[in-house]
Structure formats: C-alpha cells, structure tokens
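Student: Below is the file target-v4.txt, which contains compact mmCIF, C-alpha atoms and all ligand atoms.
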```txt
# COMPACT_ATOMS: atom_id res chain seq x y z
CA MET W 1422 92.29 106.41 119.08
CA PHE W 1423 94.80 109.21 118.35
CA TYR W 1424 93.81 109.43 114.66
CA ARG W 1425 90.02 109.31 115.12
CA GLY W 1426 88.38 112.47 113.72
CA LYS W 1427 91.70 114.08 112.70
CA ASN W 1428 92.33 115.55 109.25
CA VAL W 1429 95.32 113.69 107.85
CA LEU W 1430 97.14 114.31 104.57
CA VAL W 1431 99.02 111.44 102.96
CA ALA W 1432 101.32 113.18 100.47
CA GLY W 1433 102.11 110.43 97.97
CA GLY W 1434 98.98 108.42 98.77
CA ALA W 1435 99.22 106.15 95.71
CA GLY W 1436 102.68 104.76 96.46
CA LEU W 1437 103.94 101.75 98.37
CA VAL W 1438 103.79 103.44 101.79
CA GLY W 1439 100.92 105.77 100.87
CA GLN W 1440 98.32 103.10 100.03
CA SER W 1441 98.95 101.14 103.21
CA LEU W 1442 98.89 104.34 105.27
CA VAL W 1443 95.60 105.53 103.75
CA ARG W 1444 93.95 102.17 104.54
CA LYS W 1445 95.18 102.06 108.14
CA LEU W 1446 94.28 105.71 108.85
CA LEU W 1447 90.73 105.15 107.57
CA GLU W 1448 90.49 102.03 109.75
CA GLN W 1449 91.42 104.21 112.72
CA GLY W 1450 88.69 106.79 111.99
CA ALA W 1451 90.72 109.61 110.40
CA PHE W 1452 89.49 111.91 107.61
CA VAL W 1453 92.10 111.32 104.95
CA ARG W 1454 93.21 113.44 102.03
CA ALA W 1455 95.54 111.48 99.73
CA THR W 1456 97.47 112.87 96.79
CA GLN W 1457 98.20 110.90 93.64
CA TYR W 1458 100.54 111.88 90.83
CA THR W 1459 101.22 110.46 87.35
CA THR W 1460 101.50 106.67 87.38
CA ARG W 1461 99.75 104.97 90.29
CA LYS W 1462 96.28 105.84 91.56
CA VAL W 1463 94.79 105.62 95.06
CA LEU W 1464 92.77 102.42 94.79
CA LEU W 1465 90.63 102.69 97.91
CA GLN W 1466 87.24 104.37 98.00
CA HIS W 1467 85.76 105.51 101.31
CA ALA W 1468 83.35 108.18 102.56
CA ASN W 1469 86.15 109.71 104.67
CA LEU W 1470 88.71 109.73 101.84
CA GLU W 1471 89.37 112.66 99.49
CA VAL W 1472 91.75 112.04 96.60
CA MET W 1473 93.60 114.97 95.07
CA SER W 1474 95.61 114.63 91.83
CA CYS W 1475 98.56 117.00 91.94
CA ASP W 1476 102.25 117.67 91.53
CA LEU W 1477 103.40 118.58 95.04
CA MET W 1478 106.32 120.52 93.56
CA ASP W 1479 103.71 123.04 92.41
CA GLU W 1480 103.53 125.59 95.24
CA ASN W 1481 99.81 126.35 94.93
CA LYS W 1482 98.83 122.69 94.64
CA ALA W 1483 100.94 121.77 97.66
CA ARG W 1484 99.34 124.56 99.72
CA ALA W 1485 95.87 123.37 98.71
CA ALA W 1486 96.79 119.81 99.75
CA PHE W 1487 98.11 120.97 103.15
CA ALA W 1488 95.17 123.32 103.88
CA ASP W 1489 93.19 122.47 107.06
CA MET W 1490 95.28 119.40 107.89
CA ASP W 1491 96.10 118.42 111.49
CA ILE W 1492 98.68 115.86 110.43
CA VAL W 1493 100.81 115.33 107.33
CA PHE W 1494 102.63 112.13 106.37
CA LEU W 1495 105.30 112.82 103.76
CA ALA W 1496 105.35 109.81 101.42
CA ALA W 1497 105.79 111.43 98.00
CA ALA W 1498 109.05 110.82 96.20
CA ARG W 1499 110.61 109.60 93.03
CA VAL W 1500 112.16 106.39 94.33
CA ARG W 1501 114.71 104.54 92.17
CA GLY W 1502 116.59 101.25 92.08
CA ALA W 1503 120.27 100.42 91.59
CA LYS W 1504 120.14 100.76 87.78
CA GLU W 1505 118.90 104.37 87.74
CA ILE W 1506 121.02 105.37 90.72
CA GLN W 1507 124.18 104.18 88.96
CA ALA W 1508 123.22 105.85 85.67
CA ASN W 1509 122.40 109.22 87.21
CA PRO W 1510 123.35 109.46 90.91
CA ALA W 1511 122.97 113.23 91.29
CA SER W 1512 119.43 113.38 89.90
CA LEU W 1513 118.27 111.00 92.64
CA ILE W 1514 119.62 113.42 95.23
CA LEU W 1515 118.08 116.51 93.67
CA ASP W 1516 114.58 115.04 93.35
CA TYR W 1517 114.71 113.72 96.91
CA LEU W 1518 116.05 117.00 98.27
CA TYR W 1519 113.64 119.34 96.44
CA ILE W 1520 110.36 117.68 97.31
CA HIS W 1521 111.19 116.86 100.91
CA SER W 1522 112.78 120.19 101.85
CA LYS W 1523 109.83 122.03 100.32
CA LEU W 1524 107.21 119.93 102.11
CA ILE W 1525 109.01 119.83 105.49
CA VAL W 1526 109.09 123.65 105.53
CA LEU W 1527 105.53 123.94 104.21
CA ALA W 1528 104.18 121.83 107.10
CA ALA W 1529 105.36 124.51 109.56
CA GLU W 1530 104.22 127.39 107.35
CA MET W 1531 100.74 125.88 107.04
CA LYS W 1532 100.61 125.37 110.84
CA VAL W 1533 100.10 121.61 110.64
CA ASP W 1534 100.20 120.10 114.18
CA ARG W 1535 102.39 117.11 113.32
CA CYS W 1536 104.48 116.03 110.36
CA SER W 1537 106.03 112.62 109.69
CA PHE W 1538 109.26 112.39 107.68
CA ILE W 1539 110.43 109.01 106.37
CA SER W 1540 114.19 109.27 106.60
CA SER W 1541 116.52 106.47 105.55
CA CYS W 1542 119.16 104.03 106.72
CA TYR W 1543 121.33 105.50 103.92
CA ILE W 1544 122.32 107.96 106.63
CA TYR W 1545 124.50 105.43 108.46
CA PRO W 1546 128.26 104.85 108.23
CA ASP W 1547 129.70 101.38 107.63
CA THR W 1548 130.15 99.89 111.10
CA GLY W 1549 129.93 96.23 110.05
CA LYS W 1550 127.05 95.62 112.47
CA PRO W 1551 123.39 96.62 112.78
CA ASN W 1552 123.22 100.42 112.96
CA VAL W 1553 121.74 102.18 115.98
CA GLU W 1554 120.13 105.61 115.77
CA SER W 1555 123.00 107.45 117.49
CA GLU W 1556 125.28 106.53 114.54
CA GLY W 1557 123.14 108.57 112.12
CA PHE W 1558 125.43 111.58 112.22
CA GLN W 1559 128.75 109.82 112.85
CA GLY W 1560 131.49 109.67 110.21
CA ASP W 1561 130.44 109.52 106.57
CA PRO W 1562 127.69 107.42 105.03
CA TRP W 1563 129.06 104.57 102.85
CA ILE W 1564 131.51 105.92 100.27
CA PRO W 1565 130.86 106.37 97.39
CA THR W 1566 127.38 104.82 96.97
CA ASN W 1567 125.56 106.42 99.88
CA TYR W 1568 127.73 109.47 100.41
CA GLY W 1569 125.47 111.92 98.52
CA ILE W 1570 122.09 110.51 99.49
CA GLY W 1571 123.26 109.90 103.06
CA TRP W 1572 124.38 113.49 103.63
CA THR W 1573 121.19 114.73 101.93
CA THR W 1574 119.17 112.64 104.36
CA ARG W 1575 121.17 114.08 107.26
CA TYR W 1576 120.33 117.55 105.97
CA LEU W 1577 116.59 116.72 105.73
CA GLU W 1578 116.52 115.35 109.28
CA THR W 1579 118.28 118.55 110.36
CA LEU W 1580 115.67 120.62 108.53
CA CYS W 1581 112.93 118.75 110.43
CA ARG W 1582 114.76 119.52 113.68
CA TYR W 1583 115.16 123.19 112.74
CA SER W 1584 111.48 123.51 111.77
CA HIS W 1585 110.54 121.73 115.01
CA MET W 1586 112.56 124.30 117.00
CA THR W 1587 111.29 127.34 115.16
CA SER W 1588 107.56 126.54 114.79
CA LYS W 1589 104.75 124.85 116.67
CA THR W 1590 104.72 121.90 114.25
CA ARG W 1591 105.96 118.66 115.86
CA TYR W 1592 108.07 116.41 113.59
CA ALA W 1593 108.40 112.63 113.79
CA ILE W 1594 111.28 110.82 112.06
CA VAL W 1595 111.49 107.16 111.11
CA ARG W 1596 114.44 105.39 109.46
CA PRO W 1597 113.19 102.38 107.49
CA ASN W 1598 115.21 99.59 105.91
CA ALA W 1599 114.52 97.87 102.56
CA TYR W 1600 110.74 97.81 102.84
CA TYR W 1601 108.55 96.19 100.23
CA GLY W 1602 104.95 95.16 99.54
CA PRO W 1603 101.88 95.68 97.33
CA HIS W 1604 101.58 98.93 95.30
CA ASP W 1605 105.35 99.16 94.83
CA ASN W 1606 106.83 100.45 91.59
CA PHE W 1607 107.28 97.32 89.42
CA ASN W 1608 108.89 99.16 86.46
CA LEU W 1609 112.15 97.25 85.82
CA ASP W 1610 114.00 100.42 84.85
CA GLN W 1611 113.27 102.10 88.20
CA CYS W 1612 112.40 99.53 90.82
CA HIS W 1613 114.11 98.02 93.86
CA VAL W 1614 115.37 94.47 94.16
CA ILE W 1615 112.19 92.76 95.41
CA PRO W 1616 109.85 94.08 92.67
CA ALA W 1617 112.58 93.37 90.07
CA LEU W 1618 112.92 89.73 91.19
CA ILE W 1619 109.13 89.27 91.29
CA VAL W 1620 108.70 90.65 87.76
CA LYS W 1621 111.52 88.49 86.36
CA ALA W 1622 110.27 85.37 88.14
CA THR W 1623 106.65 85.78 87.02
CA GLN W 1624 107.88 86.36 83.46
CA GLY W 1625 109.52 82.93 83.72
CA MET W 1626 113.08 84.19 83.12
CA ASN W 1627 115.39 81.17 82.76
CA PRO W 1628 118.28 81.35 83.42
CA PHE W 1629 117.13 83.65 86.22
CA GLU W 1630 119.50 86.63 86.18
CA VAL W 1631 120.22 88.38 89.49
CA TRP W 1632 122.21 91.62 89.60
CA GLY W 1633 125.20 91.62 91.95
CA ASP W 1634 126.78 88.63 93.69
CA GLY W 1635 123.69 87.83 95.78
CA LYS W 1636 125.57 88.32 99.05
CA GLN W 1637 124.17 91.76 99.97
CA ILE W 1638 122.41 91.71 103.33
CA ARG W 1639 119.28 93.70 104.24
CA SER W 1640 116.62 93.88 106.98
CA PHE W 1641 113.71 93.48 104.56
CA THR W 1642 110.57 94.94 106.19
CA TYR W 1643 106.97 94.44 105.06
CA VAL W 1644 105.22 97.75 104.33
CA ASP W 1645 102.30 97.25 106.75
CA ASP W 1646 104.81 96.79 109.57
CA LEU W 1647 106.60 99.99 108.55
CA VAL W 1648 103.30 101.90 108.43
CA ASP W 1649 102.31 100.65 111.92
CA GLY W 1650 105.66 102.02 113.14
CA LEU W 1651 105.15 105.35 111.33
CA MET W 1652 101.72 105.82 112.90
CA ILE W 1653 102.77 104.91 116.45
CA ASN W 1654 105.87 107.09 116.14
CA LEU W 1655 103.88 110.15 115.05
CA ASP W 1656 101.39 109.58 117.87
CA THR W 1657 103.86 108.98 120.72
CA ASN W 1658 107.24 110.31 119.59
CA ALA W 1659 106.76 113.51 117.57
CA THR W 1660 110.00 114.82 119.05
CA CYS W 1661 112.40 114.65 116.09
CA SER W 1662 114.14 111.71 117.74
CA PRO W 1663 114.70 109.22 114.87
CA VAL W 1664 113.70 105.58 115.26
CA ASN W 1665 114.73 102.59 113.13
CA ILE W 1666 111.59 100.85 111.90
CA SER W 1667 113.10 97.72 110.54
CA ALA W 1668 112.74 93.94 110.75
CA LYS W 1669 115.17 92.33 113.18
CA GLU W 1670 116.16 89.43 110.93
CA ALA W 1671 118.56 90.08 108.06
CA TYR W 1672 118.66 88.12 104.81
CA THR W 1673 120.86 87.96 101.73
CA ILE W 1674 119.63 88.53 98.19
CA LYS W 1675 120.30 84.80 97.62
CA ASP W 1676 117.82 84.03 100.42
CA LEU W 1677 115.28 86.31 98.76
CA VAL W 1678 115.70 84.63 95.40
CA SER W 1679 115.18 81.17 96.83
CA VAL W 1680 112.03 82.18 98.76
CA ILE W 1681 110.51 83.90 95.69
CA LEU W 1682 111.25 80.95 93.40
CA ASP W 1683 109.87 78.56 96.00
CA ILE W 1684 106.61 80.54 96.44
CA LEU W 1685 106.13 80.51 92.65
CA HIS W 1686 107.15 76.79 92.40
CA LEU W 1687 109.77 77.68 89.81
CA ASP W 1688 112.70 75.39 89.06
CA VAL W 1689 115.10 77.61 87.10
CA SER W 1690 118.86 78.01 86.97
CA VAL W 1691 120.01 81.14 88.82
CA THR W 1692 122.94 83.25 87.61
CA TYR W 1693 124.52 86.11 89.58
CA ASP W 1694 126.12 88.98 87.66
CA PRO W 1695 128.54 90.98 89.85
CA GLU W 1696 129.15 93.35 86.92
CA LYS W 1697 125.56 94.64 87.01
CA PRO W 1698 124.59 97.53 89.34
CA ALA W 1699 123.97 96.59 92.96
CA THR W 1700 124.09 98.70 96.10
CA ILE W 1701 126.09 98.43 99.34
CA PRO W 1702 126.90 94.93 100.67
CA TYR W 1703 125.52 95.33 104.21
CA ARG W 1704 122.58 97.46 105.34
CA VAL W 1705 121.05 96.27 108.58
CA SER W 1706 119.37 98.39 111.26
CA ASP W 1707 118.92 97.64 114.95
CA PRO W 1708 115.21 98.01 115.88
CA ALA W 1709 115.73 97.82 119.69
CA LYS W 1710 114.77 101.48 120.26
CA ALA W 1711 111.46 100.98 118.39
CA LYS W 1712 110.61 98.07 120.66
CA GLU W 1713 111.56 99.89 123.83
CA LEU W 1714 110.11 103.32 123.01
CA LEU W 1715 107.14 102.50 120.78
CA GLY W 1716 106.41 98.88 121.67
CA TRP W 1717 106.83 98.18 117.94
CA GLU W 1718 108.22 95.01 116.36
CA ALA W 1719 107.94 93.69 112.81
CA ARG W 1720 105.27 90.99 112.72
CA VAL W 1721 105.26 89.80 109.11
CA SER W 1722 107.89 87.20 108.19
CA LEU W 1723 109.84 87.54 104.94
CA ARG W 1724 108.01 84.56 103.43
CA ASP W 1725 104.53 85.87 104.36
CA GLY W 1726 105.36 89.37 103.16
CA LEU W 1727 106.65 88.06 99.84
CA MET W 1728 103.59 85.83 99.42
CA ARG W 1729 101.29 88.84 99.96
CA THR W 1730 103.34 90.97 97.55
CA ILE W 1731 103.45 88.31 94.83
CA ASP W 1732 99.72 87.65 95.24
CA TRP W 1733 98.97 91.36 94.86
CA TYR W 1734 101.29 91.67 91.86
CA GLN W 1735 99.68 88.72 90.09
CA LYS W 1736 96.15 90.02 90.70
CA HIS W 1737 96.88 93.60 89.67
CA ILE W 1738 99.81 93.62 87.24
CA GLY W 1739 101.25 90.42 85.84
CA ARG W 1740 100.42 86.71 85.96
CA CYS W 1741 103.04 83.98 86.10
CA GLN W 1742 103.92 82.99 82.54
CA THR W 1743 105.36 79.53 83.17
N1 LIG F 1 111.60 103.19 99.01
C1 LIG F 1 112.77 103.58 99.55
O1 LIG F 1 113.84 103.05 99.27
C2 LIG F 1 112.80 104.69 100.55
C3 LIG F 1 113.85 104.75 101.44
C4 LIG F 1 113.84 105.75 102.40
C5 LIG F 1 112.82 106.68 102.43
N2 LIG F 1 111.81 106.62 101.51
C6 LIG F 1 110.75 107.62 101.58
O2 LIG F 1 109.51 106.96 101.82
C7 LIG F 1 108.45 107.73 101.28
C8 LIG F 1 107.50 106.83 100.53
O3 LIG F 1 108.18 106.23 99.44
P1 LIG F 1 107.57 104.94 98.71
O4 LIG F 1 108.54 103.85 98.89
O5 LIG F 1 106.14 104.72 99.09
O6 LIG F 1 107.66 105.44 97.21
P2 LIG F 1 106.69 105.16 95.98
O7 LIG F 1 106.05 103.82 96.07
O8 LIG F 1 107.47 105.46 94.76
O9 LIG F 1 105.55 106.26 96.19
C9 LIG F 1 105.82 107.60 96.07
C10 LIG F 1 104.61 108.30 95.47
O10 LIG F 1 104.92 109.69 95.35
C11 LIG F 1 104.45 110.15 94.11
N3 LIG F 1 105.18 111.33 93.66
C12 LIG F 1 106.41 111.42 93.11
N4 LIG F 1 106.71 112.69 92.81
C13 LIG F 1 105.63 113.44 93.16
C14 LIG F 1 105.29 114.80 93.05
N5 LIG F 1 106.15 115.70 92.52
N6 LIG F 1 104.08 115.21 93.49
C15 LIG F 1 103.20 114.34 94.02
N7 LIG F 1 103.46 113.02 94.15
C16 LIG F 1 104.65 112.57 93.71
C17 LIG F 1 104.67 108.97 93.17
O11 LIG F 1 103.84 109.12 92.04
P3 LIG F 1 103.79 108.06 90.83
O12 LIG F 1 102.89 106.95 91.30
O13 LIG F 1 103.20 108.84 89.72
O14 LIG F 1 105.20 107.60 90.62
C18 LIG F 1 104.29 107.79 94.06
O15 LIG F 1 102.90 107.46 93.96
C19 LIG F 1 109.11 108.85 100.48
O16 LIG F 1 109.07 110.02 101.24
C20 LIG F 1 110.52 108.36 100.28
O17 LIG F 1 111.46 109.40 100.12
C21 LIG F 1 111.76 105.64 100.59
```
Would you mind giving the structure from this file in structure tokens?

Tutor:
Amino acid sequence: MFYRGKNVLVAGGAGLVGQSLVRKLLEQGAFVRATQYTTRKVLLQHANLEVMSCDLMDENKARAAFADMDIVFLAAARVRGAKEIQANPASLILDYLYIHSKLIVLAAEMKVDRCSFISSCYIYPDTGKPNVESEGFQGDPWIPTNYGIGWTTRYLETLCRYSHMTSKTRYAIVRPNAYYGPHDNFNLDQCHVIPALIVKATQGMNPFEVWGDGKQIRSFTYVDDLVDGLMINLDTNATCSPVNISAKEAYTIKDLVSVILDILHLDVSVTYDPEKPATIPYRVSDPAKAKELLGWEARVSLRDGLMRTIDWYQKHIGRCQT
C-alpha cells in the first residue's frame, strides 16, 4: 500500500531493473514517470505511466524528470561486462560516478521524499566467504579488478549518507549481486555473463566458447526478486543502512552453462578460455539481514529465472538457430 497514489520516478526505466520496477510500481497503484535513453525503450503502456526520453546527464532534463516526484529510484547507468571493463577500466568508473553523484545530490535539491540507490557488492573486500554488510567499508575491495569501482561505490554510498544527513530526503541503499533477467543488455560487446551465454547458445555456437575458467562463483539473482527487495527496502528501511539483496545459493559459471544448454536442449562441446577477460573468482553476498529486517528472500530459482530470461530473449530479440 505504501506506493499507492505516490508519484514515483524510475530513472533508467527502460533497463533491466527499470522495466521490472515500472511494472511492479504500476501494479501497486503508483503514478510512474519512467525515463528512457538511446537503445532500449519502456515497453509497457498504462494510464498511470508517463515516459520521458532524456539524457539524465543534461541538468535541465534531469530537473524536469525529478519535478513533483515523491520517490526516485536511480536505475540509470551505462553497465558493462568483463570485455569492456578490461579494455577501458577508468571509463566505467567515470560514467558510474558522474551520473550517480549528480542524481543522488539532485534528489535532495529537488526535495524528493525518498531516493533509492542501487549500490554494489563490488564494495566488498576478499574475505573468502559470503560478505555481510558491515564489511562494506573494511580493507580494500578486490585488487586490482574491483579496487576502482569498489572505492567509487563506497564514495557514492557516503554521498547518500551525507545527503541524508544534510537534507530531508531519506535514502535507501541496496547491494545486489549478479542479477539478470528480461530487458538486459544483450550486446555481446557490453553485456554481462548471462546475456552473453544466452546469445551464444541461441546462435548455436559450437564449440561453445566460455570466457574464463568457468570456476567463478556468484549469487545469481533474478531481477524481479531484486526489485521486490528494492521496493520493500525503500518503504521500510530508508535509513541509509545498506542491505544485500542477493540469492542465498551460489553457482559457478560452469553450472550456469550447463543449465542454459539444458534449457535450450543443446548438445555442444564446451571450451573454457582462461586467457579471455573474466572478473573476480568469488563474489557471494550473505542475504541474512534482508530476511531479518525486510522479510525478503529470493524466490526464483536459477533454472526458472534463466527459463524466463531465455523465453523473453527468444520472443523479443533472437530465436534459437539450431
Ligand atoms: N548490472 C550491474 O552489474 C549493476 C551492479 C550494481 C549496481 N547497478 C546499478 O543498477 C542500476 C540499474 O542498472 P541495470 O542493470 O538495470 O542497467 P541497464 O539494464 O543497462 O539499464 C540502465 C538504463 O539506463 C539508461 N541510461 C544510461 N545512461 C543514461 C543517461 N545518461 N541518461 C538516461 N538514461 C541512461 C540506459 O539506456 P540505454 O537503454 O539507452 O542503454 C538503460 O536503459 C544502475 O543504477 C546501476 O548502476 C548495476
């Protein structure tokens, strides 16, 4: 009931998180304004939905998007996969830093009641076990891969905290882990591991080439589960206290490959290439605080989430070519 009748901006409404968020907010009776940018478009149509095409780095456009909003969900970003990160690590940091610092500060300036920031598990140091929230500012994030983005994320969480202290806007912070689902970026030059594997599998690649040794471990989380966590967190925990919104089970990339090939009934030979870009070997978050504080737990299994994602991809982008 919290969202009913509220004016809610989804900044980045055409992305992976944005599209799920727009749908769920409308289901809960909110008036939604969603921004879209260059590539993807907001696909939903609804009497309570206003779509605005804009570059949120443009000051005037961002102000127009934030005007009259009670709540803002920040979900606009230029997200990249291992290939682009390795080719140009600093540009990832700058894009991420510019848009988020600008919009975090703007939320307070525009007197928005509540603002949700999607932080990241890149913030955590290597502890060899599932990370808990209190480790977010301990030691250094993984060196060298996550050092820059991790410290940038620490800065953005700090900026939320500072804006929370110095304005009436209440900030809510979530730390997700390897989320995936429909509406993701499926461009092979930019995308994350799950979209990349789905594109290659549906193109019938054989031998099926996987970047890295396949042993990396992640808490893959389906996007609708993440969005449920984001919405509950903003409603009940707009206190700047970060919460891991992450599936409890962890899987390797090898597990992922075998589930995707099985869903698509593909019998191909799989090769792993440790020379190709891959990210850190172990990234698992402990979701105990989310369960205790928000009553949130991931509900969608990896297999179900992948089936939904593949189904969406085949209907909207590419059919299986084998
Ligand atoms: N995915 C991750 O690994 C990850 C990890 C931690 C945190 N996050 C955060 O989660 C949030 C949602 O990310 P996501 O995974 O949903 O990403 P996504 O699928 O790439 O969606 C982001 C959307 O933002 C749009 N956008 C990019 N630059 C913009 C600009 N200057 N002005 C307006 N819109 C712009 C993109 O437009 P186009 O459609 O034209 O590209 C895209 O539709 C972001 O705040 C991101 O920083 C993501």

Student: Of the candidates W:Lys1550, W:His1686, W:His1521, W:Arg1724, which one gets nearest to W:Asp1707 if we count only C-alpha atoms?

Tutor: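 Closest residue, counting only C-alpha atoms: W:Lys1550.
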
Student: If you count all atoms listed in the file, which residues fall within 8 Å of W:Val1463, apart from same-chain ones fewer than 5 positions away, as a list of chain:residue names?

Tutor: W:Gly1434, W:Ala1435, W:Gln1440, W:Ala1455, W:Thr1456, W:Gln1457, W:Val1472

Student: Which residues are near ligand LIG 1 (chain F) in this structure, taking near to mean any atom at most 7 Å from a ligand atom and counting all atoms listed in the file? Format them as a PyMOL selection string.

Tutor: chain W and resi 1432-1439+1456-1462+1475-1478+1495-1500+1517+1520+1538-1541+1597-1600+1604-1606

Student: Residues of stretch 1471-1558 of chain W that have any atom at most 6 Å from an atom of stretch 1564-1580 of chain W: could you tabulate them with the shortest-distance atom pair and the distance in Å to one decimal, using all atoms listed in the file, ordered by chain and increasing number, as CSV?

Tutor:
```
residue,atom,partner,partner_atom,distance
W:Ile1514,CA,W:Ile1570,CA,5.7
W:Tyr1543,CA,W:Gly1571,CA,4.9
W:Ile1544,CA,W:Gly1571,CA,4.2
```

Student: With C-alpha atoms retained, could you export that selection as a short mmCIF file (atom, residue, chain, number, x, y, z; two decimals), keeping the file's coordinate frame?

Tutor:
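Final output, saved to part28.cif:
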```
data_model
loop_
_atom_site.label_atom_id
_atom_site.label_comp_id
_atom_site.auth_asym_id
_atom_site.auth_seq_id
_atom_site.Cartn_x
_atom_site.Cartn_y
_atom_site.Cartn_z
CA ILE W 1514 119.62 113.42 95.23
CA TYR W 1543 121.33 105.50 103.92
CA ILE W 1544 122.32 107.96 106.63
#
```

Student: For a quick check of understanding, using only C-alpha atoms, which of W:Trp1563, W:Trp1632, W:Tyr1672, W:Tyr1601 has the smallest distance to W:Ser1441?

Tutor: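 Looking at the shortest contact to W:Ser1441, the residue is W:Tyr1601.
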
Student: Could you list, with a cut-off of 12 Å and counting all atoms listed in the file, the residues of stretch 1592-1703 of chain W near stretch 1485-1494 of chain W, each shown with its nearest atom pair and the distance in Å rounded to one decimal, rows sorted by chain and ascending number, as a tab-separated table?

Tutor:
```
residue	atom	partner	partner_atom	distance
W:Tyr1592	CA	W:Val1493	CA	9.6
W:Ala1593	CA	W:Phe1494	CA	9.4
W:Ile1594	CA	W:Phe1494	CA	10.4
W:Val1595	CA	W:Phe1494	CA	11.2
W:Val1648	CA	W:Phe1494	CA	10.5
W:Leu1651	CA	W:Phe1494	CA	8.8
W:Met1652	CA	W:Phe1494	CA	9.1
W:Asn1654	CA	W:Phe1494	CA	11.5
W:Leu1655	CA	W:Phe1494	CA	9.0
W:Asp1656	CA	W:Ile1492	CA	10.1
W:Ala1659	CA	W:Ile1492	CA	11.0
```

Student: Measuring atom to atom with only C-alpha atoms, identify which of W:Ser1706, W:Met1626, W:Cys1581, W:Met1728 is nearest to W:Asp1688.

Tutor: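 Of the candidates, the smallest distance to W:Asp1688 is held by W:Met1626.
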
Student: Which is closest to W:Asp1676 among W:Gln1466, W:Thr1587, W:Ser1640, W:Thr1730, if we use all atoms listed in the file?

Tutor: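 Looking only at the distances to W:Asp1676, the closest residue turns out to be W:Ser1640.
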
Student: To one decimal place, how far is atom CA of W:Ser1690 from atom CA of W:Arg1639 in Å?

Tutor: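 Separation between atom CA of W:Ser1690 and atom CA of W:Arg1639: 23.3 Å.
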
Student: State, in Å with one decimal place, the distance from atom CA of W:Gln1449 to atom CA of W:Arg1425.

Tutor: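 Atom CA of W:Gln1449 sits 5.8 Å away from atom CA of W:Arg1425.
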
Student: Find, counting all atoms listed in the file, the residue in W:Ser1474, W:Ser1512, W:Ser1722, W:Ser1537 that gets nearest to W:Arg1582.

Tutor: W:Ser1537

Student: Using all atoms listed in the file for the distances, tell me which of W:Lys1621, W:Lys1532, W:Arg1729, W:Arg1454 is nearest to W:Arg1591.

Tutor: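 Checking each candidate against W:Arg1591, we get W:Lys1532 as the closest.
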
Student: Find the distance between atom CA of W:Tyr1424 and atom CA of W:Leu1723 and write it in Å to one decimal.

Tutor: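 So the two atoms, atom CA of W:Tyr1424 and atom CA of W:Leu1723, lie 28.8 Å apart.
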
Student: Find the residues around W:Gly1726 up to 7 Å (all atoms listed in the file counted), leave out those fewer than 5 positions away in its own chain, and share them as JSON, numbers by chain.

Tutor: {"W": [1602, 1643, 1721]}

Student: Using all atoms of stretch 1466-1481 of chain W that appear in the file, construct an axis-aligned enclosing box with 5 Å of padding on every side and provide its centre coordinates and edge lengths in Å, rounded to one decimal, as lines of an AutoDock Vina configuration file.

Tutor:
```
center_x = 94.8
center_y = 115.4
center_z = 98.1
size_x = 33.0
size_y = 32.0
size_z = 23.1
```
